[in-house]
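Contents: one structure, followed by commentary.
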Amino acid sequence: MAILKLYGLDASPPVRAVKLTLAALQLDYEFIVVDVTSKQQLSKEYLAKNPQHTVPLLEDGDACIWDSHAIMCYLVSKYSRDDSLYPRDLLKRAVVDQRLHFESGVVFANALRAITKLVLFFGVTEVPKERIEAITEAYDFVELFLKGHSYMAGDQLTLADLSLISSISSLVAYVPVDAAKYFNLSNWIKRMELLPYYEQNAKGAAMFAGAVKSKTFTVAQ
Ligand code: GSF
């Protein structure tokens, strides 16, 4: 087997989701830093691998796969005999898939990326209140998903958890999770922090939080 190569940077939530998956599967890989803050993803060499110029990117032999969700599903399907992270049972898998699409569209794109573009990339000092509402809406949904369950797609750890913890542990830099209002969510975060390989997310989440905290912004009413 060719050595897997993962391209990205630790501060990036979807890169961390893939790192968590690689650690859960105990797969060796080479990590190649592509720093999007200095536009390294726009190099000719990187564009040849990923014309959409996003991180994470996984290189497996001649194959280049991007989008964290696609990478995570590929890794489990190809390299794990145990399907617990991404069940083969079609109905169970559909629930995990729903959560992954939810992470991609509602949590990452509509909540995390939207506010991060304003605060970190455009240096906006007054954020529209819709951006904060998008975060609390995401928290409201996951609180509901977790009702009566320990994990995002039911009672066992799946890719849904590894994906969602990467973005939710970054969103807390903007809106802390109120344990009284979000009892299930705050317990789930604590459960995720106990994973033996959680450091794969913790380091980058702290870097991300540090970048957000270094900015000053208010919320427009
Ligand atoms: C999002 C990738 C993405 O936007 C995934 O892989 O899950 N749905 C995709 N990555 C950002 C970095 S980040 O916000 O963590 C990225 O690569 N931006 C640089 C660019 O040129 O788009």
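Residues are named by chain letter and number: chains run A, B, ... in the order of the structure tokens, numbers start at 1 in each chain, and ligands are numbered from 1 in the order shown.
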Distance table requested - chain A against ligand 1, cut-off 9 Å, only C-alpha atoms and all ligand atoms: one row per qualifying residue with the closest atom pair and its distance in Å to one decimal, ordered by chain and rising residue number, as a Markdown table.
| residue | atom | partner | partner_atom_place_in_ligand_line | distance |
| --- | --- | --- | --- | --- |
| A:Gly8 | CA | ligand 1 | 17 (O) | 7.7 |
| A:Leu9 | CA | ligand 1 | 15 (O) | 8.0 |
| A:Asp10 | CA | ligand 1 | 15 (O) | 8.7 |
| A:Ala11 | CA | ligand 1 | 15 (O) | 7.0 |
| A:Ser12 | CA | ligand 1 | 15 (O) | 3.5 |
| A:Pro13 | CA | ligand 1 | 15 (O) | 4.9 |
| A:Pro14 | CA | ligand 1 | 7 (O) | 4.8 |
| A:Val15 | CA | ligand 1 | 15 (O) | 6.7 |
| A:Arg16 | CA | ligand 1 | 15 (O) | 8.7 |
| A:Ala17 | CA | ligand 1 | 7 (O) | 8.4 |
| A:Val18 | CA | ligand 1 | 6 (O) | 8.9 |
| A:Val34 | CA | ligand 1 | 17 (O) | 8.9 |
| A:Asp35 | CA | ligand 1 | 17 (O) | 8.8 |
| A:Val36 | CA | ligand 1 | 19 (C) | 5.4 |
| A:Thr37 | CA | ligand 1 | 19 (C) | 8.1 |
| A:Lys39 | CA | ligand 1 | 21 (O) | 7.2 |
| A:Gln40 | CA | ligand 1 | 21 (O) | 8.8 |
| A:Gln41 | CA | ligand 1 | 21 (O) | 6.1 |
| A:Leu42 | CA | ligand 1 | 21 (O) | 7.0 |
| A:Gln52 | CA | ligand 1 | 22 (O) | 6.9 |
| A:His53 | CA | ligand 1 | 21 (O) | 4.9 |
| A:Thr54 | CA | ligand 1 | 17 (O) | 3.1 |
| A:Val55 | CA | ligand 1 | 17 (O) | 3.9 |
| A:Pro56 | CA | ligand 1 | 6 (O) | 5.4 |
| A:Leu57 | CA | ligand 1 | 6 (O) | 7.7 |
| A:Trp66 | CA | ligand 1 | 6 (O) | 6.2 |
| A:Asp67 | CA | ligand 1 | 6 (O) | 3.3 |
| A:Ser68 | CA | ligand 1 | 6 (O) | 3.8 |
| A:His69 | CA | ligand 1 | 7 (O) | 5.7 |
| A:Ala70 | CA | ligand 1 | 6 (O) | 8.0 |
| A:Ile71 | CA | ligand 1 | 6 (O) | 8.3 |
| A:Glu103 | CA | ligand 1 | 7 (O) | 8.3 |
| A:Ser104 | CA | ligand 1 | 8 (N) | 5.3 |
| A:Gly105 | CA | ligand 1 | 8 (N) | 7.9 |
| A:Phe108 | CA | ligand 1 | 8 (N) | 7.2 |
| A:Ala109 | CA | ligand 1 | 8 (N) | 7.4 |
| A:Leu112 | CA | ligand 1 | 14 (O) | 8.1 |
| A:Arg113 | CA | ligand 1 | 14 (O) | 5.9 |
| A:Thr116 | CA | ligand 1 | 14 (O) | 7.9 |
| A:Lys117 | CA | ligand 1 | 14 (O) | 8.5 |
| A:Ser163 | CA | ligand 1 | 7 (O) | 8.4 |
| A:Ser167 | CA | ligand 1 | 15 (O) | 9.0 |
- If you run DSSP on this backbone, which residues of segment 37-98 of chain A come out as alpha helix (DSSP H), and could you give them as a ChimeraX atom specification? /A:44-49,68-79,90-98
- Which of segment 8-213 of chain A counts as strand (DSSP E) under DSSP, as a ChimeraX atom specification please? /A:8,29-33,57-60,63-66,126-127
- Task: Would you mind listing what lies within 10 Å of Ser84 of chain A as JSON, numbers by chain, with only C-alpha atoms counted and same-chain residues fewer than 2 positions away left out?
- Result: {"A": [76, 80, 81, 82, 86, 87, 88, 89, 92, 93, 156, 157, 158, 159]}
Could you turn the residues from that selection into a file that holds all heavy atoms, as a CSV table (one decimal), in the first residue's frame?
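What follows is the written file out_19.csv:
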chain,number,residue,atom,x,y,z
A,76,VAL,N,-12.8,4.6,5.6
A,76,VAL,CA,-13.4,3.5,6.4
A,76,VAL,C,-13.7,2.4,5.4
A,76,VAL,O,-13.5,1.2,5.7
A,76,VAL,CB,-14.7,4.0,7.1
A,76,VAL,CG1,-15.3,2.8,7.8
A,76,VAL,CG2,-14.3,5.0,8.1
A,80,SER,N,-11.0,-0.3,6.6
A,80,SER,CA,-11.4,-0.9,7.8
A,80,SER,C,-12.4,-2.1,7.6
A,80,SER,O,-13.3,-2.0,6.8
A,80,SER,CB,-12.1,0.2,8.7
A,80,SER,OG,-12.6,-0.4,9.9
A,81,ARG,N,-12.1,-3.2,8.3
A,81,ARG,CA,-13.0,-4.3,8.2
A,81,ARG,C,-14.1,-4.1,9.1
A,81,ARG,O,-15.2,-4.6,8.8
A,81,ARG,CB,-12.2,-5.6,8.6
A,81,ARG,CG,-11.7,-6.3,7.3
A,81,ARG,CD,-11.1,-7.7,7.7
A,81,ARG,NE,-9.7,-7.7,7.3
A,81,ARG,CZ,-8.8,-8.3,8.0
A,81,ARG,NH1,-9.0,-8.8,9.2
A,81,ARG,NH2,-7.5,-8.2,7.6
A,82,ASP,N,-13.9,-3.3,10.1
A,82,ASP,CA,-15.0,-3.1,11.1
A,82,ASP,C,-15.7,-1.8,10.6
A,82,ASP,O,-15.1,-0.8,10.3
A,82,ASP,CB,-14.3,-2.8,12.4
A,82,ASP,CG,-15.2,-2.1,13.4
A,82,ASP,OD1,-16.4,-2.0,13.2
A,82,ASP,OD2,-14.6,-1.7,14.5
A,86,TYR,N,-18.8,3.7,9.9
A,86,TYR,CA,-19.6,4.0,8.7
A,86,TYR,C,-20.3,2.7,8.3
A,86,TYR,O,-19.9,1.9,7.5
A,86,TYR,CB,-18.7,4.5,7.6
A,86,TYR,CG,-19.5,5.1,6.4
A,86,TYR,CD1,-20.5,6.1,6.6
A,86,TYR,CD2,-19.2,4.8,5.1
A,86,TYR,CE1,-21.1,6.6,5.6
A,86,TYR,CE2,-19.8,5.3,4.0
A,86,TYR,CZ,-20.8,6.3,4.3
A,86,TYR,OH,-21.5,6.9,3.2
A,87,PRO,N,-21.5,2.4,9.0
A,87,PRO,CA,-22.1,1.1,8.9
A,87,PRO,C,-22.5,0.8,7.5
A,87,PRO,O,-22.9,1.6,6.7
A,87,PRO,CB,-23.4,1.3,9.8
A,87,PRO,CG,-23.2,2.5,10.6
A,87,PRO,CD,-22.2,3.4,9.9
A,88,ARG,N,-22.4,-0.6,7.2
A,88,ARG,CA,-22.8,-1.1,5.9
A,88,ARG,C,-24.3,-1.2,5.8
A,88,ARG,O,-24.9,-1.1,4.7
A,88,ARG,CB,-22.2,-2.4,5.6
A,88,ARG,CG,-20.7,-2.3,5.3
A,88,ARG,CD,-20.1,-3.6,4.7
A,88,ARG,NE,-18.7,-3.3,4.7
A,88,ARG,CZ,-17.9,-3.7,5.8
A,88,ARG,NH1,-18.4,-4.3,6.8
A,88,ARG,NH2,-16.6,-3.4,5.7
A,89,ASP,N,-25.0,-1.4,6.9
A,89,ASP,CA,-26.4,-1.4,7.0
A,89,ASP,C,-27.0,-0.1,6.4
A,89,ASP,O,-26.6,1.0,6.8
A,89,ASP,CB,-26.9,-1.5,8.4
A,89,ASP,CG,-28.4,-1.5,8.6
A,89,ASP,OD1,-29.0,-0.4,8.6
A,89,ASP,OD2,-29.0,-2.5,8.6
A,92,LYS,N,-28.8,2.5,8.6
A,92,LYS,CA,-27.8,3.1,9.6
A,92,LYS,C,-26.9,4.1,8.9
A,92,LYS,O,-26.6,5.2,9.3
A,92,LYS,CB,-27.0,2.0,10.3
A,92,LYS,CG,-27.8,1.3,11.4
A,92,LYS,CD,-26.9,0.4,12.2
A,92,LYS,CE,-27.8,-0.5,13.1
A,92,LYS,NZ,-27.1,-1.7,13.5
A,93,ARG,N,-26.4,3.6,7.7
A,93,ARG,CA,-25.5,4.5,6.9
A,93,ARG,C,-26.2,5.8,6.5
A,93,ARG,O,-25.7,6.8,6.4
A,93,ARG,CB,-25.0,3.7,5.7
A,93,ARG,CG,-24.2,4.5,4.7
A,93,ARG,CD,-23.5,3.7,3.7
A,93,ARG,NE,-22.4,2.9,4.3
A,93,ARG,CZ,-21.3,2.5,3.7
A,93,ARG,NH1,-21.2,2.7,2.4
A,93,ARG,NH2,-20.4,1.8,4.3
A,156,GLN,N,-23.7,4.7,18.9
A,156,GLN,CA,-22.3,4.4,18.7
A,156,GLN,C,-21.6,5.5,18.0
A,156,GLN,O,-22.2,6.2,17.2
A,156,GLN,CB,-22.0,3.0,18.1
A,156,GLN,CG,-22.4,2.9,16.6
A,156,GLN,CD,-22.1,1.6,16.0
A,156,GLN,OE1,-22.2,0.6,16.7
A,156,GLN,NE2,-21.8,1.5,14.7
A,157,LEU,N,-20.3,5.5,18.2
A,157,LEU,CA,-19.4,6.6,17.6
A,157,LEU,C,-19.4,6.3,16.1
A,157,LEU,O,-19.1,5.1,15.7
A,157,LEU,CB,-18.0,6.5,18.2
A,157,LEU,CG,-17.0,7.5,17.6
A,157,LEU,CD1,-17.2,8.8,18.3
A,157,LEU,CD2,-15.6,7.0,17.7
A,158,THR,N,-19.6,7.3,15.3
A,158,THR,CA,-19.5,7.1,13.8
A,158,THR,C,-18.8,8.4,13.2
A,158,THR,O,-18.4,9.3,14.0
A,158,THR,CB,-20.9,7.1,13.1
A,158,THR,OG1,-21.5,8.3,13.3
A,158,THR,CG2,-21.8,6.0,13.7
A,159,LEU,N,-18.6,8.3,11.9
A,159,LEU,CA,-18.0,9.5,11.2
A,159,LEU,C,-18.7,10.7,11.5
A,159,LEU,O,-18.2,11.8,11.4
A,159,LEU,CB,-17.9,9.2,9.7
A,159,LEU,CG,-17.0,8.0,9.3
A,159,LEU,CD1,-17.0,7.9,7.7
A,159,LEU,CD2,-15.6,8.3,9.8
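As for atom CA of Glu30 of chain A and atom CA of Ile165 of chain A, they are spaced 22.7 Å apart.
The interatomic distance for the pair atom CA of Val219 of chain A and atom CA of Ser186 of chain A works out to 24.0 Å.
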- Task: Quote the spacing between atom CA of Tyr46 of chain A and atom CA of Asp97 of chain A in Å to one decimal place.
- Result: 28.1 Å
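Closest approach to Leu91 of chain A from the set A:Leu146, A:Ala153, A:Leu6, A:Leu120 is made by A:Ala153, with distances taken over only C-alpha atoms.
Counting only C-alpha atoms, Gln26 of chain A has the following residues at most 12 Å away, ignoring those fewer than 4 positions along the same chain: Lys19, Leu20, Thr21, Leu22, Leu75, Val76, Tyr79, Ser80, Pro196 and Tyr197 of chain A.
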- Name all residues at most 10 Å from segment 132-136 of chain A (count only C-alpha atoms; drop same-chain ones fewer than 4 positions away) and give them as a list in words. Val106, Val107, Phe108, Asn110, Ala111, Leu112, Ala114, Ile115, Val127, Pro128, Asp140, Phe141, Val142, Ile168, Leu171, Val172, Tyr174, Val175, Pro176, Val177, Val219 and Ala220 of chain A
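Counting only C-alpha atoms, the residue from A:Leu194, A:Leu25, A:Glu137, A:Leu164 that sits nearest to Ser77 of chain A is A:Leu25.
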- Message: Give me, as a PyMOL selection string, all polymer residues having an atom no more than 8 Å from Asp60 of chain A, counting only C-alpha atoms and skipping those fewer than 5 positions away in the same chain.
- Response: chain A and resi 2-5
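If only C-alpha atoms are the atoms counted, then among A:Gln221, A:Glu45, A:Ile65, A:Asp28 the closest residue to Arg131 of chain A is A:Gln221.
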